[in-house]
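Structure data follow from coords12.cif (mmCIF, C-alpha atoms and all ligand atoms):
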data_work
#
loop_
_atom_site.label_atom_id
_atom_site.label_comp_id
_atom_site.auth_asym_id
_atom_site.auth_seq_id
_atom_site.Cartn_x
_atom_site.Cartn_y
_atom_site.Cartn_z
CA MET A 187 -5.88 -18.69 -0.76
CA LYS A 188 -2.48 -17.38 -1.93
CA THR A 189 -1.55 -17.90 -5.56
CA PRO A 190 1.97 -17.63 -7.01
CA ALA A 191 0.73 -14.84 -9.30
CA ARG A 192 0.05 -12.67 -6.26
CA THR A 193 3.64 -11.56 -5.69
CA ALA A 194 3.90 -10.31 -2.10
CA ILE A 195 4.25 -6.57 -1.59
CA ILE A 196 5.97 -4.90 1.34
CA ALA A 197 5.46 -1.16 1.02
CA GLY A 198 7.00 1.42 3.31
CA ASN A 199 5.04 4.62 3.91
CA TRP A 200 7.57 7.11 5.27
CA LYS A 201 4.78 9.63 5.89
CA MET A 202 6.12 13.17 6.55
CA ASN A 203 9.62 12.03 7.48
CA PHE A 204 12.96 12.64 5.72
CA GLY A 205 13.58 15.58 3.39
CA PRO A 206 15.75 14.95 0.32
CA LEU A 207 19.09 14.86 2.17
CA GLN A 208 18.04 12.49 4.95
CA ALA A 209 15.97 10.44 2.50
CA ALA A 210 18.98 9.86 0.25
CA THR A 211 21.10 8.77 3.21
CA PHE A 212 18.48 6.43 4.67
CA ALA A 213 17.57 4.98 1.27
CA GLY A 214 21.25 4.31 0.58
CA GLU A 215 21.57 2.49 3.91
CA ILE A 216 18.55 0.22 3.57
CA LEU A 217 19.09 -0.46 -0.14
CA SER A 218 22.48 -2.01 0.55
CA ASP A 219 20.63 -4.71 2.55
CA LEU A 220 17.40 -4.78 0.56
CA VAL A 221 18.88 -5.31 -2.89
CA PRO A 222 20.60 -8.65 -2.11
CA LEU A 223 17.54 -9.81 -0.17
CA VAL A 224 15.04 -9.06 -2.94
CA GLU A 225 17.49 -10.50 -5.47
CA ALA A 226 17.20 -13.82 -3.64
CA SER A 227 13.41 -14.16 -3.97
CA SER A 228 11.27 -13.65 -7.03
CA HIS A 229 8.11 -13.66 -4.87
CA ILE A 230 8.41 -10.20 -3.38
CA ILE A 231 8.20 -6.56 -4.44
CA SER A 232 9.24 -3.82 -2.05
CA ILE A 233 7.90 -0.30 -2.59
CA ILE A 234 9.43 2.71 -0.87
CA CYS A 235 7.12 5.71 -0.50
CA PRO A 236 8.96 8.84 0.68
CA PRO A 237 7.43 12.33 0.87
CA ALA A 238 6.90 13.91 -2.57
CA ILE A 239 9.80 16.32 -2.20
CA SER A 240 12.18 13.39 -1.59
CA LEU A 241 11.05 11.15 -4.47
CA ALA A 242 13.81 12.28 -6.83
CA ALA A 243 16.50 11.84 -4.18
CA VAL A 244 15.33 8.31 -3.40
CA GLN A 245 15.07 7.50 -7.10
CA HIS A 246 18.69 8.58 -7.49
CA ALA A 247 19.72 6.28 -4.63
CA MET A 248 17.73 3.47 -6.24
CA ARG A 249 19.54 3.91 -9.53
CA GLU A 250 22.86 3.53 -7.73
CA GLN A 251 21.70 0.37 -5.94
CA TYR A 252 19.21 -1.04 -8.40
CA HIS A 253 16.79 -3.91 -8.33
CA GLN A 254 13.71 -4.02 -10.54
CA ARG A 255 11.55 -5.36 -7.71
CA ILE A 256 12.41 -2.44 -5.42
CA GLU A 257 10.08 0.28 -6.58
CA LEU A 258 9.28 3.88 -5.80
CA GLY A 259 5.83 5.00 -4.70
CA ALA A 260 4.17 8.32 -3.89
CA GLN A 261 2.01 8.87 -0.82
CA ASN A 262 -0.70 10.81 -2.62
CA MET A 263 -1.60 12.59 -5.84
CA TYR A 264 -4.45 14.57 -7.39
CA PHE A 265 -6.70 13.24 -10.14
CA GLU A 266 -6.61 16.20 -12.54
CA GLU A 267 -4.12 16.12 -15.40
CA LYS A 268 -2.73 19.66 -14.93
CA GLY A 269 -3.70 23.22 -14.12
CA ALA A 270 -4.41 25.60 -11.27
CA PHE A 271 -4.22 23.18 -8.33
CA THR A 272 -1.54 24.73 -6.15
CA GLY A 273 0.46 22.24 -4.15
CA GLU A 274 -0.89 19.16 -5.93
CA LEU A 275 0.82 16.50 -8.04
CA ALA A 276 -0.66 15.31 -11.34
CA PRO A 277 -0.73 11.57 -12.16
CA SER A 278 1.57 12.11 -15.16
CA MET A 279 4.14 13.81 -12.89
CA VAL A 280 4.02 10.95 -10.39
CA SER A 281 4.33 8.35 -13.14
CA GLU A 282 7.59 9.91 -14.34
CA LEU A 283 9.27 8.68 -11.15
CA CYS A 284 6.99 6.13 -9.51
CA THR A 285 5.32 2.80 -10.24
CA SER A 286 2.80 3.13 -7.43
CA VAL A 287 0.82 5.59 -5.38
CA ILE A 288 -0.83 5.25 -1.97
CA LEU A 289 -4.38 6.62 -2.11
CA GLY A 290 -6.95 7.30 0.58
CA HIS A 291 -4.64 6.72 3.53
CA SER A 292 -6.64 7.20 6.74
CA GLU A 293 -4.49 10.22 7.62
CA ARG A 294 -5.48 11.88 4.33
CA ARG A 295 -9.11 11.01 4.99
CA ALA A 296 -9.01 12.28 8.60
CA TYR A 297 -6.82 15.40 8.30
CA PHE A 298 -7.43 16.47 4.69
CA GLY A 299 -11.07 15.51 4.29
CA GLU A 300 -10.59 12.94 1.52
CA SER A 301 -13.81 11.11 0.72
CA ASP A 302 -14.35 7.72 -0.90
CA GLU A 303 -15.52 9.56 -4.02
CA LEU A 304 -12.26 11.53 -4.23
CA VAL A 305 -10.24 8.36 -3.63
CA ASN A 306 -12.18 6.71 -6.46
CA LYS A 307 -11.34 9.54 -8.88
CA LYS A 308 -7.68 9.30 -7.89
CA THR A 309 -7.72 5.51 -8.31
CA LEU A 310 -9.14 5.79 -11.82
CA ALA A 311 -6.59 8.51 -12.69
CA ALA A 312 -3.71 6.36 -11.39
CA LEU A 313 -4.80 3.42 -13.55
CA ARG A 314 -5.12 5.66 -16.62
CA HIS A 315 -1.48 6.63 -16.12
CA GLY A 316 -0.12 3.14 -15.56
CA LEU A 317 0.36 3.70 -11.84
CA ARG A 318 -0.43 0.93 -9.36
CA PRO A 319 -2.88 2.41 -6.84
CA ILE A 320 -2.54 1.17 -3.26
CA VAL A 321 -6.01 2.03 -1.99
CA CYS A 322 -6.37 2.21 1.80
CA ILE A 323 -9.55 1.35 3.65
CA GLY A 324 -10.23 0.60 7.31
CA GLU A 325 -12.59 1.25 10.17
CA ARG A 326 -12.22 3.80 13.00
CA PRO A 327 -11.87 2.62 16.62
CA ASP A 328 -15.49 3.58 17.47
CA GLN A 329 -16.76 1.67 14.43
CA TYR A 330 -14.67 -1.35 15.45
CA ASP A 331 -16.04 -1.18 19.01
CA ALA A 332 -19.59 -0.93 17.68
CA GLY A 333 -19.09 -4.06 15.55
CA GLN A 334 -19.52 -2.10 12.31
CA THR A 335 -16.31 -3.23 10.59
CA ARG A 336 -17.98 -5.17 7.77
CA GLU A 337 -20.49 -2.43 7.08
CA VAL A 338 -17.77 0.23 6.88
CA ILE A 339 -15.54 -1.94 4.72
CA ALA A 340 -18.38 -2.77 2.34
CA SER A 341 -19.23 0.90 1.87
CA GLN A 342 -15.60 2.00 1.46
CA SER A 343 -14.94 -0.82 -1.01
CA LEU A 344 -17.94 0.03 -3.15
CA HIS A 345 -17.17 3.73 -3.27
CA SER A 346 -13.35 3.81 -3.23
CA PHE A 347 -12.65 1.14 -5.82
CA GLY A 348 -15.94 0.84 -7.63
CA ARG A 349 -16.29 1.59 -11.37
CA LEU A 350 -12.83 0.28 -12.27
CA PRO A 351 -12.25 -0.56 -15.93
CA ALA A 352 -12.25 -4.36 -16.39
CA GLU A 353 -8.79 -4.43 -17.99
CA HIS A 354 -7.21 -2.76 -14.95
CA VAL A 355 -8.93 -4.37 -11.96
CA LYS A 356 -6.08 -6.79 -11.27
CA GLU A 357 -3.55 -3.96 -11.00
CA VAL A 358 -5.21 -2.44 -7.96
CA VAL A 359 -3.70 -3.17 -4.56
CA ILE A 360 -5.90 -2.78 -1.49
CA ALA A 361 -4.49 -2.05 1.95
CA TYR A 362 -6.73 -2.96 4.86
CA GLU A 363 -5.63 -0.65 7.65
CA PRO A 364 -7.83 -0.59 10.74
CA ILE A 365 -7.32 2.93 12.07
CA TRP A 366 -7.10 1.71 15.66
CA ALA A 367 -3.97 -0.26 14.68
CA ILE A 368 -2.11 2.52 12.85
CA GLY A 369 0.82 3.90 14.80
CA THR A 370 -0.54 2.53 18.07
CA GLY A 371 1.67 -0.52 18.52
CA LYS A 372 -1.58 -2.53 18.79
CA ALA A 373 -1.63 -4.55 15.58
CA ALA A 374 -4.67 -6.58 14.63
CA THR A 375 -4.30 -10.32 15.05
CA ALA A 376 -3.47 -12.19 11.85
CA GLU A 377 -6.75 -14.02 12.29
CA GLY A 378 -8.77 -10.80 12.71
CA ALA A 379 -7.06 -9.00 9.81
CA GLY A 380 -7.30 -12.14 7.68
CA GLU A 381 -11.02 -12.41 8.27
CA VAL A 382 -11.63 -8.83 7.08
CA ILE A 383 -9.24 -9.28 4.15
CA SER A 384 -11.06 -12.45 3.06
CA TYR A 385 -14.27 -10.43 3.22
CA ILE A 386 -12.73 -7.68 1.05
CA ARG A 387 -11.70 -10.34 -1.47
CA GLN A 388 -15.26 -11.65 -1.47
CA LEU A 389 -16.61 -8.12 -2.06
CA PHE A 390 -14.09 -7.60 -4.85
CA GLY A 391 -15.31 -10.85 -6.42
CA GLU A 392 -18.91 -9.64 -6.27
CA MET A 393 -17.82 -6.44 -8.02
CA TYR A 394 -15.40 -7.81 -10.61
CA GLY A 395 -15.71 -11.60 -10.76
CA ASP A 396 -13.86 -14.59 -9.28
CA GLU A 397 -10.77 -14.32 -11.46
CA ALA A 398 -10.16 -10.71 -10.40
CA ALA A 399 -10.77 -11.61 -6.74
CA LEU A 400 -8.16 -14.34 -6.94
CA ALA A 401 -5.65 -11.96 -8.55
CA VAL A 402 -6.08 -8.79 -6.49
CA ARG A 403 -3.46 -8.20 -3.82
CA ILE A 404 -4.68 -7.19 -0.40
CA LEU A 405 -2.20 -5.96 2.20
CA TYR A 406 -2.54 -5.51 5.94
CA GLY A 407 -1.35 -2.29 7.58
CA GLY A 408 -1.23 -1.26 11.23
CA SER A 409 1.78 -1.56 13.56
CA VAL A 410 3.54 -4.16 11.43
CA THR A 411 7.06 -5.01 12.60
CA SER A 412 9.53 -7.81 12.01
CA ASP A 413 8.06 -9.50 15.10
CA ASN A 414 4.55 -9.92 13.67
CA ILE A 415 4.94 -9.90 9.85
CA GLY A 416 5.45 -13.69 9.78
CA GLU A 417 2.01 -14.28 11.30
CA PHE A 418 0.31 -11.96 8.81
CA MET A 419 2.10 -13.49 5.83
CA ALA A 420 1.15 -16.98 6.96
CA HIS A 421 -2.51 -16.13 6.42
CA PRO A 422 -3.57 -17.40 2.99
CA ASP A 423 -5.44 -14.21 2.04
CA ILE A 424 -2.86 -11.62 3.20
CA ASP A 425 -0.50 -10.67 0.38
CA GLY A 426 1.85 -8.30 2.17
CA ALA A 427 1.95 -5.20 4.32
CA LEU A 428 1.81 -1.44 4.22
CA VAL A 429 4.31 -0.43 6.88
CA GLY A 430 4.42 3.02 8.50
CA GLY A 431 6.57 3.56 11.59
CA ALA A 432 8.86 0.57 11.01
CA SER A 433 9.57 1.65 7.41
CA ILE A 434 11.85 4.47 8.55
CA LYS A 435 13.94 2.11 10.65
CA PRO A 436 16.33 -0.69 9.75
CA ASP A 437 13.50 -3.01 10.89
CA PHE A 438 12.01 -2.53 7.39
CA VAL A 439 14.78 -4.76 6.01
CA GLU A 440 13.96 -7.38 8.66
CA ILE A 441 10.28 -7.23 7.65
CA VAL A 442 11.28 -7.98 4.05
CA ARG A 443 13.59 -10.77 5.27
CA LYS A 444 10.82 -12.40 7.35
CA THR A 445 8.41 -12.07 4.43
CA ILE A 446 10.81 -13.94 2.17
CA GLU A 447 11.07 -16.66 4.82
CA THR A 448 7.30 -17.13 4.40
CA VAL A 449 6.86 -16.67 0.64
CA GLY A 450 10.04 -18.50 -0.29
CA MET A 451 12.84 -17.91 -2.76
C1 LIG A 501 0.47 3.39 7.88
O1 LIG A 501 0.72 4.57 8.08
O2 LIG A 501 -0.01 3.04 6.80
C2 LIG A 501 0.76 2.43 8.93
C3 LIG A 501 0.32 1.22 8.80
O3 LIG A 501 1.46 2.90 10.01
P1 LIG A 501 2.09 2.01 11.19
O4 LIG A 501 2.83 0.85 10.55
O5 LIG A 501 3.03 2.94 11.89
O6 LIG A 501 0.99 1.55 12.05
#

Go ahead and express the file in the form of structure tokens.
Amino acid sequence: MKTPARTAIIAGNWKMNFGPLQAATFAGEILSDLVPLVEASSHIISIICPPAISLAAVQHAMREQYHQRIELGAQNMYFEEKGAFTGELAPSMVSELCTSVILGHSERRAYFGESDELVNKKTLAALRHGLRPIVCIGERPDQYDAGQTREVIASQSLHSFGRLPAEHVKEVVIAYEPIWAIGTGKAATAEGAGEVISYIRQLFGEMYGDEAALAVRILYGGSVTSDNIGEFMAHPDIDGALVGGASIKPDFVEIVRKTIETVGM
């Protein structure tokens, strides 16, 4: 069930959209609506995750229209501290600008070969640097059709967010994103997503104890819009959403508005 300590999170994954110029413009536009909204409710955090090259531009826009519960997140990072890793971002670099980092998104797993083991190393590195990891897990369409969802989720959970240090387990955020729902317009039902999310919470409890399971925030992701966010947020185990397509549209503000209608002021 939801607890007041589990502040809702609505995170926007802009994916590979908006270079610095466009990002600054779009961030400026949505922040003028987001800031007063978030100001009105202490039960929500909104995290904007632009492409790495646009992080500084969005941070600048956020300083001009500031609210402490509107945060900046990266879409990925490497686990090494520094060195000859061309094209990668170190955790310490990300933590200079961001509070959070999305890790193990299904697109990174599918197109860039990221394994659970790599995601685990990145998760541990994020926690060492005071970054909030948003760890993505979710089954493929063929696994869903074959009724293997629980099996896949159990394995991904064990290997992606296993071995976490006890003092940091509550800082992890998990995003359950069934791959068949991402970018397809075919969202899971709140009941279906809620069932898997309750299962993830149970698994987390088996790994880290009941107190951690009650505290960990688990988001749903996959074709979330302002039309369906209310149903997801009404589920007692769903603590927010990771939003892709709708996060680069004004609808993102409506998603936050509808979330506040559910979580209250
Ligand atoms: C995502 O990329 O994490 C995502 C959930 O995308 P969409 O909202 O477009 O399905």

### Query
Any idea what's packed within 9 Å of region 380-394 of chain A, counting all atoms listed in the file, ignoring anything in its chain fewer than 5 positions away? Could you give it as a count of residues only?
29

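Remark: for Pro351 (chain A), the closest of the candidate residues A:Gln334, A:Ser286, A:Asn306, A:Ser227 is A:Asn306 (distances computed over all atoms listed in the file).
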
### Shell of 10 Å around Ser301 (chain A), all atoms listed in the file, local chain residues under 6 positions omitted, as number ranges by chain
A: 290, 294-295, 342, 345-346

Selection export as a PDB file, in the frame of the given file, atoms kept: C-alpha atoms:
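So the final result, stored in again_18.pdb, reads:
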ATOM      1  CA  GLY A 290      -6.950   7.300   0.580  1.00  0.00           C
ATOM      2  CA  ARG A 294      -5.480  11.880   4.330  1.00  0.00           C
ATOM      3  CA  ARG A 295      -9.110  11.010   4.990  1.00  0.00           C
ATOM      4  CA  GLN A 342     -15.600   2.000   1.460  1.00  0.00           C
ATOM      5  CA  HIS A 345     -17.170   3.730  -3.270  1.00  0.00           C
ATOM      6  CA  SER A 346     -13.350   3.810  -3.230  1.00  0.00           C
TER       7      SER A 346
END

### Query
Can you tell me how far CA of Val358 (chain A) sits from CA of Gly299 (chain A), in Å to one decimal?
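These two atoms are separated by 22.5 Å.
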
### Task
Have a look at A:Leu289, A:Ile231, A:Met248, A:Ala226 and name the one nearest to ligand LIG 501 (chain A); count only C-alpha atoms and all ligand atoms.
A:Leu289

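Ranking A:Gly416, A:Ile441, A:Gly430, A:Gln245 by their shortest atom-to-atom distance to ligand LIG 501 (chain A), with only C-alpha atoms and all ligand atoms included, puts A:Gly430 first.
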
### Task
Produce as a PyMOL selection string the set of residues near ligand LIG 501 (chain A), where near means within 7 Å with all atoms listed in the file considered.
chain A and resi 199+201+291+363+367-371+407-410+428-432

### Using only C-alpha atoms: which of A:Leu220, A:Ala376, A:Ala209, A:Ile195 has the shortest distance to Pro436 (chain A)
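When distances to Pro436 (chain A) are compared using only C-alpha atoms, the smallest one comes from A:Leu220.
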
### Query
Between A:Leu217, A:Ala191, A:Met451, A:Leu317, which is the closest to Ile234 (chain A) once you count only C-alpha atoms?
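Closest candidate: A:Leu217.
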
### Task
Fewer than 6 positions away in the same chain doesn't count, so skip those; otherwise give me all residues within 8 Å of Ile230 (chain A), counting all atoms listed in the file, as a list in words.
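Close residues of Ile230 (chain A): Thr193, Ala194, Ile195, Ile196, Val224, Arg255, Ile446 and Val449 of chain A.
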
### Message
Just the number, please: distance in Å from CA of Ser433 (chain A) to CA of Ser341 (chain A), one decimal.
### Response
29.3 Å

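Of the listed residues A:Leu275, A:Val359, A:Ile239, A:Ala260, the one whose atoms come nearest to Ala401 (chain A) is A:Val359, with distances taken using only C-alpha atoms.
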
Adding 8 Å on each side of the box along x, y and z that holds all listed atoms of region 216-234 of chain A, could you give its centre and edge lengths in Å to one decimal, as AutoDock Vina command-line options?
--center_x 15.2 --center_y -5.7 --center_z -1.7 --size_x 30.6 --size_y 32.9 --size_z 26.6

### Summary
Atom pair CA of Gly269 (chain A) + CA of Leu241 (chain A), distance 21.4 Å

### Message
Is it possible to get the residues within 12 Å of (20.8, 5.3, 6.3) (coordinates as in the file, counting only C-alpha atoms) written as a PyMOL selection string?
### Response
chain A and resi 204+207-219+244+247+433-439

### Task
Taking (7.2, -10.4, 12.5) in the file's own coordinates, collect the residues within 10 Å, counting all atoms listed in the file, and hand them back as a VMD selection string.
chain A and resid 410 to 419 437 440 to 445

Provide region 293-304 of chain A rebuilt to all heavy atoms, formatted as a PDB file, in the coordinates of the input.
ATOM      1  N   GLU A 293      -4.921   8.885   7.197  1.00  0.00           N
ATOM      2  CA  GLU A 293      -4.490  10.220   7.620  1.00  0.00           C
ATOM      3  C   GLU A 293      -4.949  11.283   6.615  1.00  0.00           C
ATOM      4  O   GLU A 293      -5.286  12.402   6.985  1.00  0.00           O
ATOM      5  CB  GLU A 293      -2.963  10.244   7.826  1.00  0.00           C
ATOM      6  CG  GLU A 293      -2.587   9.458   9.077  1.00  0.00           C
ATOM      7  CD  GLU A 293      -1.202   8.841   9.058  1.00  0.00           C
ATOM      8  OE1 GLU A 293      -0.381   9.195   8.205  1.00  0.00           O
ATOM      9  OE2 GLU A 293      -0.961   7.964   9.922  1.00  0.00           O
ATOM     10  N   ARG A 294      -4.975  10.941   5.352  1.00  0.00           N
ATOM     11  CA  ARG A 294      -5.480  11.880   4.330  1.00  0.00           C
ATOM     12  C   ARG A 294      -6.997  12.026   4.490  1.00  0.00           C
ATOM     13  O   ARG A 294      -7.551  13.099   4.324  1.00  0.00           O
ATOM     14  CB  ARG A 294      -5.136  11.391   2.916  1.00  0.00           C
ATOM     15  CG  ARG A 294      -3.648  11.313   2.692  1.00  0.00           C
ATOM     16  CD  ARG A 294      -3.136  12.099   1.533  1.00  0.00           C
ATOM     17  NE  ARG A 294      -3.796  13.317   1.237  1.00  0.00           N
ATOM     18  CZ  ARG A 294      -3.287  14.542   1.468  1.00  0.00           C
ATOM     19  NH1 ARG A 294      -2.116  14.681   2.061  1.00  0.00           N
ATOM     20  NH2 ARG A 294      -3.953  15.617   1.111  1.00  0.00           N
ATOM     21  N   ARG A 295      -7.658  10.930   4.815  1.00  0.00           N
ATOM     22  CA  ARG A 295      -9.110  11.010   4.990  1.00  0.00           C
ATOM     23  C   ARG A 295      -9.433  11.847   6.237  1.00  0.00           C
ATOM     24  O   ARG A 295     -10.321  12.693   6.211  1.00  0.00           O
ATOM     25  CB  ARG A 295      -9.697   9.597   5.138  1.00  0.00           C
ATOM     26  CG  ARG A 295      -9.631   8.746   3.856  1.00  0.00           C
ATOM     27  CD  ARG A 295     -10.108   7.323   4.159  1.00  0.00           C
ATOM     28  NE  ARG A 295      -9.959   6.396   3.053  1.00  0.00           N
ATOM     29  CZ  ARG A 295     -10.920   6.055   2.192  1.00  0.00           C
ATOM     30  NH1 ARG A 295     -12.116   6.583   2.296  1.00  0.00           N
ATOM     31  NH2 ARG A 295     -10.705   5.170   1.237  1.00  0.00           N
ATOM     32  N   ALA A 296      -8.675  11.610   7.338  1.00  0.00           N
ATOM     33  CA  ALA A 296      -9.010  12.280   8.600  1.00  0.00           C
ATOM     34  C   ALA A 296      -8.563  13.740   8.630  1.00  0.00           C
ATOM     35  O   ALA A 296      -9.305  14.599   9.095  1.00  0.00           O
ATOM     36  CB  ALA A 296      -8.368  11.530   9.769  1.00  0.00           C
ATOM     37  N   TYR A 297      -7.346  14.039   8.148  1.00  0.00           N
ATOM     38  CA  TYR A 297      -6.820  15.400   8.300  1.00  0.00           C
ATOM     39  C   TYR A 297      -7.052  16.287   7.077  1.00  0.00           C
ATOM     40  O   TYR A 297      -6.963  17.503   7.161  1.00  0.00           O
ATOM     41  CB  TYR A 297      -5.308  15.381   8.599  1.00  0.00           C
ATOM     42  CG  TYR A 297      -4.914  14.523   9.772  1.00  0.00           C
ATOM     43  CD1 TYR A 297      -3.754  13.750   9.728  1.00  0.00           C
ATOM     44  CD2 TYR A 297      -5.688  14.479  10.926  1.00  0.00           C
ATOM     45  CE1 TYR A 297      -3.382  12.947  10.800  1.00  0.00           C
ATOM     46  CE2 TYR A 297      -5.327  13.680  11.992  1.00  0.00           C
ATOM     47  CZ  TYR A 297      -4.183  12.904  11.926  1.00  0.00           C
ATOM     48  OH  TYR A 297      -3.828  12.113  12.977  1.00  0.00           O
ATOM     49  N   PHE A 298      -7.296  15.680   5.932  1.00  0.00           N
ATOM     50  CA  PHE A 298      -7.430  16.470   4.690  1.00  0.00           C
ATOM     51  C   PHE A 298      -8.769  16.241   4.013  1.00  0.00           C
ATOM     52  O   PHE A 298      -8.944  16.605   2.853  1.00  0.00           O
ATOM     53  CB  PHE A 298      -6.243  16.176   3.752  1.00  0.00           C
ATOM     54  CG  PHE A 298      -4.910  16.441   4.409  1.00  0.00           C
ATOM     55  CD1 PHE A 298      -4.181  15.403   4.972  1.00  0.00           C
ATOM     56  CD2 PHE A 298      -4.425  17.734   4.529  1.00  0.00           C
ATOM     57  CE1 PHE A 298      -2.972  15.651   5.620  1.00  0.00           C
ATOM     58  CE2 PHE A 298      -3.219  17.990   5.171  1.00  0.00           C
ATOM     59  CZ  PHE A 298      -2.493  16.947   5.727  1.00  0.00           C
ATOM     60  N   GLY A 299      -9.682  15.619   4.742  1.00  0.00           N
ATOM     61  CA  GLY A 299     -11.070  15.510   4.290  1.00  0.00           C
ATOM     62  C   GLY A 299     -11.282  14.683   3.034  1.00  0.00           C
ATOM     63  O   GLY A 299     -12.233  14.914   2.303  1.00  0.00           O
ATOM     64  N   GLU A 300     -10.413  13.733   2.752  1.00  0.00           N
ATOM     65  CA  GLU A 300     -10.590  12.940   1.520  1.00  0.00           C
ATOM     66  C   GLU A 300     -11.766  11.972   1.677  1.00  0.00           C
ATOM     67  O   GLU A 300     -11.857  11.233   2.655  1.00  0.00           O
ATOM     68  CB  GLU A 300      -9.307  12.181   1.185  1.00  0.00           C
ATOM     69  CG  GLU A 300      -8.183  13.113   0.788  1.00  0.00           C
ATOM     70  CD  GLU A 300      -7.112  12.447  -0.066  1.00  0.00           C
ATOM     71  OE1 GLU A 300      -7.257  11.266  -0.444  1.00  0.00           O
ATOM     72  OE2 GLU A 300      -6.113  13.128  -0.340  1.00  0.00           O
ATOM     73  N   SER A 301     -12.632  11.988   0.695  1.00  0.00           N
ATOM     74  CA  SER A 301     -13.810  11.110   0.720  1.00  0.00           C
ATOM     75  C   SER A 301     -13.557   9.888  -0.161  1.00  0.00           C
ATOM     76  O   SER A 301     -12.636   9.880  -0.989  1.00  0.00           O
ATOM     77  CB  SER A 301     -15.013  11.866   0.170  1.00  0.00           C
ATOM     78  OG  SER A 301     -14.755  12.201  -1.185  1.00  0.00           O
ATOM     79  N   ASP A 302     -14.419   8.899  -0.016  1.00  0.00           N
ATOM     80  CA  ASP A 302     -14.350   7.720  -0.900  1.00  0.00           C
ATOM     81  C   ASP A 302     -14.446   8.133  -2.361  1.00  0.00           C
ATOM     82  O   ASP A 302     -13.786   7.563  -3.219  1.00  0.00           O
ATOM     83  CB  ASP A 302     -15.502   6.753  -0.592  1.00  0.00           C
ATOM     84  CG  ASP A 302     -15.316   6.019   0.713  1.00  0.00           C
ATOM     85  OD1 ASP A 302     -14.164   5.740   1.092  1.00  0.00           O
ATOM     86  OD2 ASP A 302     -16.337   5.712   1.361  1.00  0.00           O
ATOM     87  N   GLU A 303     -15.293   9.122  -2.625  1.00  0.00           N
ATOM     88  CA  GLU A 303     -15.520   9.560  -4.020  1.00  0.00           C
ATOM     89  C   GLU A 303     -14.228  10.156  -4.593  1.00  0.00           C
ATOM     90  O   GLU A 303     -13.870   9.897  -5.746  1.00  0.00           O
ATOM     91  CB  GLU A 303     -16.664  10.579  -4.086  1.00  0.00           C
ATOM     92  CG  GLU A 303     -18.046   9.978  -3.868  1.00  0.00           C
ATOM     93  CD  GLU A 303     -18.294   9.438  -2.441  1.00  0.00           C
ATOM     94  OE1 GLU A 303     -17.677   9.963  -1.474  1.00  0.00           O
ATOM     95  OE2 GLU A 303     -19.076   8.487  -2.309  1.00  0.00           O
ATOM     96  N   LEU A 304     -13.525  10.953  -3.772  1.00  0.00           N
ATOM     97  CA  LEU A 304     -12.260  11.530  -4.230  1.00  0.00           C
ATOM     98  C   LEU A 304     -11.229  10.416  -4.454  1.00  0.00           C
ATOM     99  O   LEU A 304     -10.510  10.398  -5.462  1.00  0.00           O
ATOM    100  CB  LEU A 304     -11.737  12.546  -3.204  1.00  0.00           C
ATOM    101  CG  LEU A 304     -10.405  13.224  -3.546  1.00  0.00           C
ATOM    102  CD1 LEU A 304     -10.522  14.059  -4.822  1.00  0.00           C
ATOM    103  CD2 LEU A 304      -9.930  14.102  -2.398  1.00  0.00           C
TER     104      LEU A 304
END
